[in-house]
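Below is coords-v1.cif, holding mmCIF, C-alpha atoms.
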```cif
data_work
loop_
_atom_site.label_atom_id
_atom_site.label_comp_id
_atom_site.auth_asym_id
_atom_site.auth_seq_id
_atom_site.Cartn_x
_atom_site.Cartn_y
_atom_site.Cartn_z
CA MET U 1353 57.86 11.38 -96.64
CA SER U 1354 59.52 10.07 -99.80
CA THR U 1355 60.76 13.52 -100.80
CA LEU U 1356 62.82 13.89 -97.63
CA ASN U 1357 66.48 13.11 -97.38
CA ASP U 1358 67.62 10.20 -95.29
CA PRO U 1359 66.27 11.05 -91.87
CA LEU U 1360 68.66 8.66 -90.19
CA SER U 1361 71.76 10.47 -91.39
CA THR U 1362 73.68 12.17 -88.62
CA ASP U 1363 75.50 14.45 -91.01
CA GLY U 1364 74.53 17.91 -89.94
CA GLY U 1365 77.53 19.56 -91.61
CA LEU U 1366 78.73 19.52 -95.21
CA GLY U 1367 76.32 22.26 -96.18
CA ARG U 1368 73.17 20.34 -95.35
CA ARG U 1369 70.54 22.08 -93.34
CA TRP U 1370 68.13 21.13 -90.63
CA SER U 1371 64.49 21.95 -91.17
CA ILE U 1372 61.21 21.24 -89.49
CA LEU U 1373 59.08 18.64 -91.23
CA PRO U 1374 56.86 20.04 -94.00
CA GLY U 1375 53.35 20.72 -92.78
CA THR U 1376 54.42 20.87 -89.16
CA ASP U 1377 52.28 23.24 -87.13
CA LEU U 1378 53.37 23.66 -83.53
CA LEU U 1379 51.60 25.01 -80.47
CA TRP U 1380 53.95 26.27 -77.79
CA HIS U 1381 53.55 26.48 -74.06
CA PRO U 1382 56.76 27.82 -72.56
CA GLY U 1383 57.64 27.19 -68.91
CA ASP U 1384 60.57 28.19 -66.70
CA ASP U 1385 62.95 25.36 -67.58
CA THR U 1386 61.00 23.46 -70.19
CA SER U 1387 58.48 24.04 -72.95
CA LEU U 1388 55.56 21.91 -73.96
CA VAL U 1389 55.10 21.64 -77.70
CA TYR U 1390 52.03 20.20 -79.35
CA ASP U 1391 52.50 18.99 -82.91
CA LEU U 1392 49.18 19.49 -84.68
CA LEU U 1393 50.36 17.33 -87.57
CA SER U 1394 51.09 14.22 -85.52
CA GLY U 1395 49.03 14.94 -82.41
CA ASP U 1396 52.13 14.33 -80.29
CA THR U 1397 53.01 16.39 -77.22
CA HIS U 1398 56.67 16.90 -76.33
CA LEU U 1399 58.41 18.32 -73.31
CA LEU U 1400 61.59 20.08 -74.43
CA ASP U 1401 64.39 21.67 -72.48
CA ASN U 1402 65.13 25.28 -73.27
CA LEU U 1403 67.94 24.57 -75.73
CA SER U 1404 65.84 22.10 -77.70
CA ALA U 1405 62.96 24.54 -77.72
CA MET U 1406 65.21 27.33 -78.96
CA LEU U 1407 66.60 25.15 -81.78
CA LEU U 1408 63.15 24.03 -82.85
CA ASP U 1409 61.77 27.54 -82.71
CA THR U 1410 64.69 28.81 -84.79
CA LEU U 1411 64.19 26.09 -87.38
CA SER U 1412 60.50 26.96 -87.56
CA SER U 1413 61.53 30.21 -89.25
CA GLN U 1414 64.09 28.83 -91.70
CA PRO U 1415 66.32 25.82 -92.36
CA LEU U 1416 69.82 26.23 -90.96
CA SER U 1417 73.01 24.22 -90.93
CA GLU U 1418 74.34 22.83 -87.70
CA ALA U 1419 77.16 25.36 -87.86
CA GLU U 1420 74.69 28.21 -88.15
CA LEU U 1421 72.66 26.88 -85.25
CA LEU U 1422 75.81 26.46 -83.21
CA ALA U 1423 76.82 30.05 -83.85
CA ALA U 1424 73.44 31.25 -82.66
CA VAL U 1425 73.67 29.15 -79.52
CA VAL U 1426 77.19 30.30 -78.65
CA ASP U 1427 76.09 33.92 -79.04
CA ASP U 1428 72.82 33.60 -77.14
CA TRP U 1429 73.75 31.15 -74.41
CA SER U 1430 77.34 32.14 -73.63
CA LEU U 1431 78.51 28.53 -73.93
CA ASP U 1432 82.03 27.46 -74.85
CA SER U 1433 82.12 26.20 -78.40
CA GLN U 1434 83.06 22.59 -77.49
CA GLY U 1435 80.24 22.20 -74.96
CA ALA U 1436 77.82 23.95 -77.24
CA ALA U 1437 78.68 21.73 -80.19
CA GLU U 1438 77.96 18.59 -78.20
CA ALA U 1439 74.77 20.02 -76.74
CA VAL U 1440 73.44 21.19 -80.10
CA SER U 1441 74.31 17.91 -81.81
CA GLN U 1442 72.57 15.90 -79.11
CA ARG U 1443 69.44 18.09 -79.13
CA LEU U 1444 69.20 17.95 -82.93
CA HIS U 1445 69.48 14.17 -82.75
CA ASN U 1446 66.66 14.07 -80.19
CA LEU U 1447 64.44 16.40 -82.21
CA ARG U 1448 64.96 14.23 -85.26
CA GLN U 1449 64.07 11.13 -83.23
CA LEU U 1450 60.83 12.88 -82.27
CA ASP U 1451 60.06 13.39 -85.96
CA LEU U 1452 60.10 17.14 -85.58
CA ILE U 1453 63.07 17.97 -87.85
CA TYR U 1454 65.03 16.43 -90.74
CA LEU U 1455 68.11 17.12 -92.83
CA THR U 1456 67.65 18.71 -96.22
CA ASP U 1457 69.93 19.70 -99.09
CA SER U 1458 67.92 22.80 -99.91
CA MET H 595 11.99 12.07 -56.99
CA ASN H 596 15.04 9.95 -56.57
CA ILE H 597 15.72 6.26 -56.95
CA ALA H 598 15.09 5.57 -53.26
CA THR H 599 11.51 6.66 -53.85
CA TYR H 600 11.04 3.15 -55.15
CA SER H 601 11.16 0.08 -52.97
CA ARG H 602 13.76 -2.48 -53.92
CA GLU H 603 11.02 -4.61 -55.52
CA ARG H 604 9.48 -1.72 -57.45
CA LEU H 605 12.88 -0.62 -58.70
CA GLY H 606 13.47 -4.17 -59.90
CA GLN H 607 10.22 -4.09 -61.82
CA TYR H 608 11.11 -0.82 -63.55
CA MET H 609 14.62 -1.98 -64.35
CA ALA H 610 13.28 -5.19 -65.83
CA THR H 611 10.81 -3.47 -68.13
CA ASP H 612 11.24 0.17 -69.19
CA GLY H 613 14.50 0.70 -67.38
CA VAL H 614 15.31 3.26 -64.72
CA ARG H 615 16.51 6.67 -65.91
CA PHE H 616 18.62 8.72 -63.52
CA ARG H 617 21.12 11.54 -63.49
CA THR H 618 24.72 11.23 -62.36
CA GLY H 619 26.74 14.42 -62.73
CA PRO H 620 25.97 15.92 -66.15
CA PHE H 621 24.80 12.62 -67.62
CA VAL H 622 21.48 10.80 -67.81
CA VAL H 623 21.73 7.02 -67.66
CA ASP H 624 19.01 4.65 -68.76
CA LEU H 625 19.62 1.26 -67.19
CA ARG H 626 17.82 -2.00 -67.75
CA SER H 627 18.55 -5.24 -65.96
CA THR H 628 16.74 -8.14 -64.40
CA LEU H 629 19.81 -9.17 -62.42
CA PRO H 630 19.16 -8.99 -58.66
CA ALA H 631 22.74 -7.94 -57.88
CA VAL H 632 22.46 -4.95 -60.23
CA VAL H 633 19.10 -3.91 -58.81
CA GLU H 634 20.47 -4.25 -55.29
CA GLY H 635 23.61 -2.30 -56.13
CA ILE H 636 21.64 0.53 -57.73
CA HIS H 637 19.23 0.65 -54.81
CA GLN H 638 22.05 0.77 -52.28
CA MET H 639 24.55 3.01 -54.07
CA TYR H 640 22.33 5.25 -56.23
CA GLY H 641 19.27 5.68 -54.01
CA GLU H 642 19.81 9.45 -53.70
CA TYR H 643 20.29 10.10 -57.43
CA PRO H 644 17.47 11.98 -59.14
CA LEU H 645 15.12 10.11 -61.44
CA ILE H 646 14.75 11.76 -64.82
CA GLU H 647 11.60 11.78 -66.91
CA SER H 648 13.18 13.21 -70.05
CA ASP H 649 12.84 11.34 -73.35
CA HIS H 650 16.58 11.42 -73.80
CA ALA H 651 19.37 9.60 -72.02
CA ASP H 652 23.08 9.93 -72.74
CA PHE H 653 23.64 6.21 -72.28
CA TYR H 654 21.23 3.32 -72.75
CA LEU H 655 22.75 0.44 -70.81
CA HIS H 656 21.58 -3.12 -70.44
CA LEU H 657 23.16 -5.72 -68.16
CA LYS H 658 21.93 -9.23 -68.77
CA GLN H 659 22.91 -12.85 -68.76
CA PRO H 660 23.94 -14.29 -72.11
CA ALA H 661 21.76 -16.86 -73.80
CA GLY H 662 23.00 -20.41 -74.12
CA ILE H 663 24.91 -22.62 -71.78
CA ARG H 664 26.66 -19.75 -69.95
CA HIS H 665 23.27 -18.71 -68.68
CA TRP H 666 23.43 -21.78 -66.43
CA TRP H 667 26.96 -23.15 -66.35
CA ARG H 668 29.43 -20.77 -64.75
CA PRO H 669 26.91 -17.98 -65.39
CA GLN H 670 28.06 -14.72 -66.86
CA VAL H 671 26.93 -11.14 -67.29
CA CYS H 672 27.06 -9.07 -70.50
CA PHE H 673 26.96 -5.32 -70.86
CA ALA H 674 25.33 -3.63 -73.84
CA LEU H 675 25.41 0.04 -74.84
CA ASP H 676 22.75 0.98 -77.38
CA GLY H 677 22.39 -2.72 -78.12
CA HIS H 678 26.09 -3.31 -78.79
CA GLU H 679 28.29 -5.41 -76.53
CA PRO H 680 31.77 -3.88 -76.49
CA PHE H 681 33.23 -6.20 -73.85
CA LYS H 682 33.53 -9.87 -73.18
CA PRO H 683 31.20 -11.19 -70.48
CA LEU H 684 32.30 -11.37 -66.85
CA PRO H 685 31.28 -13.83 -64.14
CA LEU H 686 27.73 -13.13 -62.99
CA SER H 687 28.97 -12.42 -59.48
CA GLN H 688 30.66 -9.28 -60.89
CA ALA H 689 27.49 -7.80 -62.37
CA PHE H 690 27.47 -4.61 -60.29
CA PRO H 691 31.21 -3.91 -60.64
CA MET H 692 30.71 -4.41 -64.37
CA PHE H 693 28.06 -1.70 -64.36
CA GLU H 694 30.51 0.69 -62.69
CA TRP H 695 33.36 -0.13 -65.08
CA ALA H 696 31.04 0.04 -68.07
CA LEU H 697 29.68 3.44 -67.13
CA ASN H 698 33.22 4.75 -66.71
CA TRP H 699 34.00 3.45 -70.17
CA CYS H 700 30.88 5.06 -71.64
CA VAL H 701 31.82 8.47 -70.28
CA ALA H 702 35.51 8.23 -71.15
CA SER H 703 34.86 7.01 -74.68
CA HIS H 704 32.06 9.31 -75.72
CA MET H 705 31.96 12.60 -73.85
CA HIS H 706 34.43 14.66 -75.82
CA CYS H 707 33.11 18.03 -74.71
CA TYR H 708 35.39 17.37 -71.71
CA LEU H 709 39.04 16.63 -71.37
CA ILE H 710 38.83 13.41 -69.36
CA ILE H 711 41.79 12.45 -67.22
CA HIS H 712 42.23 9.27 -65.20
CA ALA H 713 42.22 10.78 -61.72
CA ALA H 714 40.30 11.06 -58.49
CA VAL H 715 38.89 14.51 -57.87
CA VAL H 716 37.80 16.18 -54.62
CA GLU H 717 36.76 19.73 -53.79
CA ARG H 718 36.73 22.13 -50.86
CA ASP H 719 35.44 25.72 -50.87
CA GLY H 720 35.19 25.74 -54.66
CA CYS H 721 38.81 24.62 -55.11
CA VAL H 722 39.45 21.28 -56.72
CA ALA H 723 42.27 18.81 -56.10
CA VAL H 724 42.97 16.46 -58.99
CA LEU H 725 44.68 13.23 -57.90
CA PRO H 726 46.10 11.40 -60.91
CA ALA H 727 48.10 8.26 -60.29
CA PRO H 728 48.61 4.76 -61.63
CA PRO H 729 46.65 1.84 -60.14
CA GLY H 730 47.99 0.74 -56.77
CA SER H 731 49.12 4.20 -55.75
CA GLY H 732 46.45 4.63 -53.08
CA LYS H 733 44.48 7.16 -55.12
CA SER H 734 41.02 5.79 -54.32
CA THR H 735 41.90 5.20 -50.66
CA LEU H 736 43.06 8.79 -50.29
CA CYS H 737 39.97 10.01 -52.13
CA ALA H 738 37.71 7.95 -49.83
CA GLY H 739 39.56 9.25 -46.78
CA LEU H 740 39.23 12.87 -47.87
CA ILE H 741 35.51 12.65 -48.63
CA SER H 742 34.91 11.03 -45.25
CA ARG H 743 36.48 14.11 -43.66
CA GLY H 744 34.60 16.91 -45.38
CA TRP H 745 35.95 17.12 -48.92
CA ARG H 746 33.34 16.90 -51.67
CA LEU H 747 33.56 13.98 -54.07
CA PHE H 748 33.74 14.85 -57.76
CA SER H 749 34.93 11.42 -58.90
CA ASP H 750 37.33 8.67 -57.94
CA GLU H 751 38.17 7.77 -61.55
CA LEU H 752 37.38 10.50 -64.08
CA ALA H 753 38.39 14.14 -63.98
CA LEU H 754 36.02 15.93 -66.36
CA ILE H 755 37.38 19.31 -67.47
CA SER H 756 35.08 21.46 -69.53
CA LEU H 757 36.60 22.57 -72.83
CA LYS H 758 34.35 25.62 -72.71
CA ASP H 759 35.35 27.23 -69.42
CA ARG H 760 38.01 24.80 -68.09
CA ARG H 761 36.12 24.18 -64.90
CA VAL H 762 36.05 20.74 -63.35
CA ILE H 763 32.68 19.01 -63.51
CA PRO H 764 31.47 16.66 -60.75
CA LEU H 765 30.55 13.08 -61.53
CA PRO H 766 29.98 11.78 -58.01
CA ARG H 767 29.52 8.02 -58.09
CA PRO H 768 30.54 5.20 -55.77
CA VAL H 769 34.24 5.06 -54.90
CA GLY H 770 35.80 1.79 -56.01
CA LEU H 771 37.82 0.37 -53.13
CA LYS H 772 40.21 -2.47 -53.76
CA ASN H 773 41.80 -5.16 -51.62
CA ASN H 774 43.35 -3.81 -48.39
CA SER H 775 41.72 -0.42 -48.76
CA ILE H 776 38.28 -1.97 -48.21
CA ASP H 777 38.94 -2.90 -44.58
CA ILE H 778 40.92 0.30 -44.07
CA MET H 779 37.92 2.39 -45.09
CA ARG H 780 35.41 0.27 -43.18
CA ALA H 781 37.42 1.11 -40.06
CA TYR H 782 38.28 4.72 -40.98
CA ALA H 783 34.78 5.73 -42.06
CA PRO H 784 32.33 3.51 -40.18
CA GLN H 785 29.52 5.92 -41.06
CA ALA H 786 30.05 5.35 -44.79
CA VAL H 787 27.90 2.95 -46.76
CA ILE H 788 30.20 0.32 -48.21
CA GLY H 789 28.64 -2.45 -50.26
CA PRO H 790 29.54 -6.12 -50.46
CA ASN H 791 32.98 -7.44 -51.37
CA TYR H 792 33.29 -8.78 -54.92
CA THR H 793 36.14 -11.26 -55.00
CA ASP H 794 38.33 -12.53 -57.82
CA THR H 795 37.74 -9.59 -60.15
CA ARG H 796 40.50 -8.50 -62.53
CA LYS H 797 41.38 -5.90 -59.89
CA GLY H 798 41.28 -8.34 -56.97
CA THR H 799 38.60 -7.86 -54.34
CA VAL H 800 36.45 -4.81 -54.97
CA ALA H 801 33.83 -2.99 -52.89
CA HIS H 802 32.01 0.28 -53.47
CA MET H 803 31.68 3.17 -51.06
CA LYS H 804 28.55 5.23 -51.63
CA ALA H 805 29.14 8.87 -52.54
CA PRO H 806 28.33 11.23 -49.67
CA THR H 807 24.85 12.73 -49.77
CA THR H 808 26.17 16.30 -50.03
CA SER H 809 28.32 15.37 -53.03
CA ILE H 810 25.32 13.88 -54.82
CA ARG H 811 23.11 16.88 -54.05
CA ARG H 812 25.71 19.37 -55.24
CA ALA H 813 26.55 17.46 -58.42
CA ASP H 814 25.73 20.48 -60.59
CA GLU H 815 28.30 22.72 -58.84
CA SER H 816 31.55 22.76 -60.78
CA GLY H 817 34.89 23.85 -59.33
CA ARG H 818 38.18 25.41 -60.31
CA ALA H 819 41.24 23.19 -60.40
CA ALA H 820 43.68 24.42 -57.77
CA TRP H 821 45.97 21.47 -57.05
CA ILE H 822 47.28 18.51 -58.99
CA VAL H 823 48.61 16.00 -56.48
CA PHE H 824 50.15 12.65 -57.40
CA PRO H 825 49.55 10.40 -54.38
CA LYS H 826 51.70 7.42 -53.57
CA TYR H 827 51.02 5.13 -50.65
CA THR H 828 54.25 3.81 -49.10
CA ALA H 829 54.00 1.67 -45.98
CA GLY H 830 55.58 3.46 -43.02
CA ALA H 831 56.35 6.64 -44.95
CA GLU H 832 56.00 10.05 -43.35
CA ALA H 833 53.51 12.20 -45.21
CA ARG H 834 55.44 14.45 -47.57
CA LEU H 835 54.37 16.94 -50.19
CA THR H 836 56.99 17.76 -52.85
CA PRO H 837 56.57 20.39 -55.58
CA ARG H 838 56.47 18.90 -59.04
CA ASP H 839 57.48 20.36 -62.40
CA PRO H 840 54.39 21.72 -64.23
CA GLY H 841 55.69 20.60 -67.63
CA GLN H 842 56.22 17.02 -66.43
CA THR H 843 52.80 17.16 -64.82
CA ALA H 844 51.11 18.26 -68.03
CA LEU H 845 52.90 15.58 -70.02
CA TYR H 846 51.83 12.87 -67.56
CA LEU H 847 48.23 14.07 -67.65
CA ALA H 848 48.28 14.10 -71.45
CA GLN H 849 49.51 10.52 -71.47
CA ASN H 850 46.86 9.47 -68.93
CA ALA H 851 43.90 11.28 -70.40
CA PHE H 852 41.29 9.13 -72.09
CA ASN H 853 40.57 11.48 -74.97
CA TYR H 854 43.49 13.93 -75.22
CA SER H 855 44.46 12.62 -78.65
CA VAL H 856 40.88 13.01 -79.87
CA LEU H 857 40.67 16.64 -78.81
CA GLY H 858 43.74 18.01 -80.62
CA ARG H 859 44.36 21.71 -80.08
CA ALA H 860 41.49 22.05 -77.59
CA GLY H 861 42.96 19.27 -75.48
CA PHE H 862 46.41 20.86 -75.38
CA GLU H 863 45.10 24.34 -74.64
CA THR H 864 42.77 23.08 -71.92
CA LEU H 865 45.42 20.92 -70.32
CA THR H 866 48.08 23.61 -70.22
CA ALA H 867 45.63 26.21 -68.92
CA VAL H 868 44.55 23.92 -66.09
CA VAL H 869 48.12 23.04 -65.12
CA ASP H 870 49.06 26.73 -65.22
CA GLY H 871 46.33 27.46 -62.71
CA CYS H 872 47.37 24.74 -60.26
CA ARG H 873 50.04 23.97 -57.73
CA CYS H 874 51.53 20.59 -58.62
CA TYR H 875 52.89 18.11 -56.09
CA ASP H 876 54.00 14.57 -55.49
CA PHE H 877 52.54 13.28 -52.26
CA GLU H 878 53.81 10.27 -50.34
CA TYR H 879 51.83 9.00 -47.36
CA SER H 880 51.05 6.02 -45.19
CA GLN H 881 48.50 7.37 -42.68
CA LEU H 882 45.20 8.85 -43.78
CA ASP H 883 45.05 11.25 -40.82
CA ASP H 884 48.37 12.77 -41.89
CA ALA H 885 47.08 13.11 -45.42
CA ILE H 886 43.91 14.84 -44.24
CA GLU H 887 46.00 17.31 -42.24
CA ILE H 888 48.30 18.12 -45.14
CA PHE H 889 45.43 18.53 -47.59
CA ALA H 890 43.68 20.87 -45.17
CA ALA H 891 46.74 23.13 -45.31
CA LEU H 892 47.20 23.15 -49.10
CA GLU H 893 47.95 26.67 -50.27
CA LEU H 894 45.84 28.19 -52.99
CA PRO H 895 47.63 28.99 -56.25
CA TYR H 896 45.71 32.24 -56.56
CA ALA H 897 44.49 35.02 -54.26
#
```
Write the structure described by the file as structure tokens, please.
Amino acid sequence: MSTLNDPLSTDGGLGRRWSILPGTDLLWHPGDDTSLVYDLLSGDTHLLDNLSAMLLDTLSSQPLSEAELLAAVVDDWSLDSQGAAEAVSQRLHNLRQLDLIYLTDS
Amino acid sequence: MNIATYSRERLGQYMATDGVRFRTGPFVVDLRSTLPAVVEGIHQMYGEYPLIESDHADFYLHLKQPAGIRHWWRPQVCFALDGHEPFKPLPLSQAFPMFEWALNWCVASHMHCYLIIHAAVVERDGCVAVLPAPPGSGKSTLCAGLISRGWRLFSDELALISLKDRRVIPLPRPVGLKNNSIDIMRAYAPQAVIGPNYTDTRKGTVAHMKAPTTSIRRADESGRAAWIVFPKYTAGAEARLTPRDPGQTALYLAQNAFNYSVLGRAGFETLTAVVDGCRCYDFEYSQLDDAIEIFAALELPYA
């Protein structure tokens, strides 16, 4: 974990990007309102709401900045930008707390 | 031949020397003990279990008194698996409950061809109800009530789910009744065989209700999980069944499985497949008759 940037930073802007942790391999089990995610790396199981699941799934493909994630959410979820910004920020914080994502400069 | 083929005295002789080897669910247990309470408990609770002549047993258990002063002063009982003693001794008066707890531990700690969840399990017409719940929720009381009214006992502690075909495997053994539920079941099921009360255990007063004969005889008939019901006894409450979120249900089961973390991908895939195939409920109750009625009307999740 020494190669990662400070995982406690809350700075999702300023050009930094969110990424899933290296080596993370996720099994998904989507439900109606929630998704179960099994992290093969840690052995942890998480229950995520749909927005968290969408953010994590998106970051599984490529690292993105918070602004880029927000744009995707506003387009896909028809949320107003203020509400979406708060929701995305909170979900990213939670996903980081679960050791599923981190901030990177790359 | 089953254990009851032997007289109490003959059983004691076998258990003191070679050990008695019997089948419970998919497992063969080899048990040795000279302790009269263990012999009596086996004779009373396991009389209908088949004796096995195979060279192999899944568990080689020995319950004995420790050497030294605790053999005489405040006497104790030790449990050994394959010669190792994983637990501290208990008071000698708890020898038979210790056998039951120890056998649960053996299964939960070693049998990783199953996903093993802490839950009571009953079956009717091939459809299985899994009853997970924390201690004190009335899980064993409800289980005992259901099996006294026609449901088949799979287990009152361990839900064994095959990783191979995701069917639920019976492990019918005595139902552990605790505290108030002992007198409740003595009154509710007077035909049931309920053994002596063991007082001052770590779970309070404990007594064992023998598994119904039919459940023991049909121990090789697996079932398909159809319902996951979280029981909660609340004094005076009207019986009420409330649908429960499948995701929350799966997460709870994962957290209360004995070996989910050992199984990795197989555990996750088995768990989610089972939950997908079930109706999930919270169930609050205070009267067993109401519970029996509601369980009789449970809707199948599939045609």
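Proximity of H:Cys872, H:Ala713, H:Val671, H:Ala738 to Ser775 (chain H), computed with all atoms listed in the file, is greatest for H:Ala738.
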Hey, could you make a per-residue contact list for chain U against chain H with 8 Å as the cut-off, showing the nearest pair of atoms and its distance in Å to one decimal, counting all atoms listed in the file, sorted by chain and number, as a tab-separated table?
```
residue	atom	partner	partner_atom	distance
U:Leu1379	CA	H:Arg859	CA	8.0
U:His1381	CA	H:Thr866	CA	7.3
U:Gly1383	CA	H:Gly841	CA	7.0
U:Thr1386	CA	H:Gly841	CA	6.6
U:Ser1387	CA	H:Gly841	CA	6.9
U:Leu1388	CA	H:Gly841	CA	6.5
U:Tyr1390	CA	H:Phe862	CA	6.9
U:Leu1392	CA	H:Gly858	CA	6.9
U:Gly1395	CA	H:Ser855	CA	6.4
U:Thr1397	CA	H:Leu845	CA	7.2
U:His1398	CA	H:Leu845	CA	7.5
U:Leu1399	CA	H:Gly841	CA	6.7
```
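Straight-line separation from CA of Ile810 (chain H) to CA of Ala890 (chain H): 21.9 Å.
Taking CA of Ser742 (chain H) and CA of Tyr640 (chain H) as the two end points, the separation is 17.7 Å.
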Discussion item. I want to know what sits within 12 Å of Val1426 (chain U), based on only C-alpha atoms, with residues of the same chain fewer than 5 positions away left out; could you give that as a VMD selection string?
Written reply: chain U and resid 1403 1419 to 1421 1431 to 1440
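For the residues H:Leu684, H:Ala829, H:Ala851, H:Leu892, ranking by smallest atom-to-atom distance to Thr864 (chain H) using all atoms listed in the file places H:Ala851 first.
With all atoms listed in the file as the atoms that count, the residue of H:Tyr708, H:Tyr827, H:Tyr654, H:Tyr600 with the shortest distance to Leu625 (chain H) is H:Tyr654.
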Fill in: Residues selected by the PyMOL selection byres ((chain H and resi 617) around 12), written as a PyMOL selection string
chain H and resi 595-597+614-616+618-625+640-648+650-653+764-767+810-811+813-814
Discussion item. If the PyMOL selection byres ((chain U and resi 1408-1411) around 9) were run on this exact file, what residues would it hold? Put them as a PyMOL selection string.
Written reply: chain U and resi 1370-1372+1403-1407+1412-1416+1421+1444+1447+1452-1453
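Between CA of Ile776 (chain H) and CA of Ala801 (chain H) the interatomic distance comes to 6.5 Å.
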Practice prompt. Pick out the residues sitting within 12 Å of Phe889 (chain H), and hand them over as a PyMOL selection string; count all atoms listed in the file, and ignore anything fewer than 4 positions along from it in its own chain.
Written response: chain H and resi 716-718+721-725+736-737+739-741+743-745+820-823+825+833-835+875+877+879+882-885+893-894
Any chance you can output those residues with C-alpha atoms as a JSON list (two decimals), in the coordinates of the input?
```json
[["chain", "number", "residue", "atom", "x", "y", "z"],
["H", 716, "VAL", "CA", 37.80, 16.18, -54.62],
["H", 717, "GLU", "CA", 36.76, 19.73, -53.79],
["H", 718, "ARG", "CA", 36.73, 22.13, -50.86],
["H", 721, "CYS", "CA", 38.81, 24.62, -55.11],
["H", 722, "VAL", "CA", 39.45, 21.28, -56.72],
["H", 723, "ALA", "CA", 42.27, 18.81, -56.10],
["H", 724, "VAL", "CA", 42.97, 16.46, -58.99],
["H", 725, "LEU", "CA", 44.68, 13.23, -57.90],
["H", 736, "LEU", "CA", 43.06, 8.79, -50.29],
["H", 737, "CYS", "CA", 39.97, 10.01, -52.13],
["H", 739, "GLY", "CA", 39.56, 9.25, -46.78],
["H", 740, "LEU", "CA", 39.23, 12.87, -47.87],
["H", 741, "ILE", "CA", 35.51, 12.65, -48.63],
["H", 743, "ARG", "CA", 36.48, 14.11, -43.66],
["H", 744, "GLY", "CA", 34.60, 16.91, -45.38],
["H", 745, "TRP", "CA", 35.95, 17.12, -48.92],
["H", 820, "ALA", "CA", 43.68, 24.42, -57.77],
["H", 821, "TRP", "CA", 45.97, 21.47, -57.05],
["H", 822, "ILE", "CA", 47.28, 18.51, -58.99],
["H", 823, "VAL", "CA", 48.61, 16.00, -56.48],
["H", 825, "PRO", "CA", 49.55, 10.40, -54.38],
["H", 833, "ALA", "CA", 53.51, 12.20, -45.21],
["H", 834, "ARG", "CA", 55.44, 14.45, -47.57],
["H", 835, "LEU", "CA", 54.37, 16.94, -50.19],
["H", 875, "TYR", "CA", 52.89, 18.11, -56.09],
["H", 877, "PHE", "CA", 52.54, 13.28, -52.26],
["H", 879, "TYR", "CA", 51.83, 9.00, -47.36],
["H", 882, "LEU", "CA", 45.20, 8.85, -43.78],
["H", 883, "ASP", "CA", 45.05, 11.25, -40.82],
["H", 884, "ASP", "CA", 48.37, 12.77, -41.89],
["H", 885, "ALA", "CA", 47.08, 13.11, -45.42],
["H", 893, "GLU", "CA", 47.95, 26.67, -50.27],
["H", 894, "LEU", "CA", 45.84, 28.19, -52.99]]
```
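Residue selection for this entry, given the PyMOL selection byres ((chain H and resi 785-797) around 8), comprises Gly635, Gln638, Met639, Ser687, Gln688, Pro691, Ser742, Lys772, Arg780, Ala783, Pro784, Gly798, Thr799, Val800, Ala801, His802, Met803, Lys804 and Pro806 of chain H.
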Could you write out the selected residues, including C-alpha atoms, as a CSV table (one decimal), keeping the file's coordinate frame?
```csv
chain,number,residue,atom,x,y,z
H,635,GLY,CA,23.6,-2.3,-56.1
H,638,GLN,CA,22.0,0.8,-52.3
H,639,MET,CA,24.6,3.0,-54.1
H,687,SER,CA,29.0,-12.4,-59.5
H,688,GLN,CA,30.7,-9.3,-60.9
H,691,PRO,CA,31.2,-3.9,-60.6
H,742,SER,CA,34.9,11.0,-45.2
H,772,LYS,CA,40.2,-2.5,-53.8
H,780,ARG,CA,35.4,0.3,-43.2
H,783,ALA,CA,34.8,5.7,-42.1
H,784,PRO,CA,32.3,3.5,-40.2
H,798,GLY,CA,41.3,-8.3,-57.0
H,799,THR,CA,38.6,-7.9,-54.3
H,800,VAL,CA,36.4,-4.8,-55.0
H,801,ALA,CA,33.8,-3.0,-52.9
H,802,HIS,CA,32.0,0.3,-53.5
H,803,MET,CA,31.7,3.2,-51.1
H,804,LYS,CA,28.6,5.2,-51.6
H,806,PRO,CA,28.3,11.2,-49.7
```
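Minimum distance to Leu1393 (chain U) across U:Ser1417, U:Thr1376, U:Ser1430, U:Gln1449 (counting all atoms listed in the file) occurs at U:Thr1376.
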Is it possible to get the axis-aligned box enclosing region 713-721 of chain H (all listed atoms, 4 Å extra per side) as AutoDock Vina command-line options, with centre and edge lengths in Å rounded to one decimal?
```
--center_x 38.7 --center_y 18.3 --center_z -56.3 --size_x 15.0 --size_y 23.0 --size_z 18.9
```
Worksheet item: Which of these residues is nearest to Pro726 (chain H), using only C-alpha atoms: H:Arg626, H:Lys826, H:His637, H:Lys658?
Response: H:Lys826
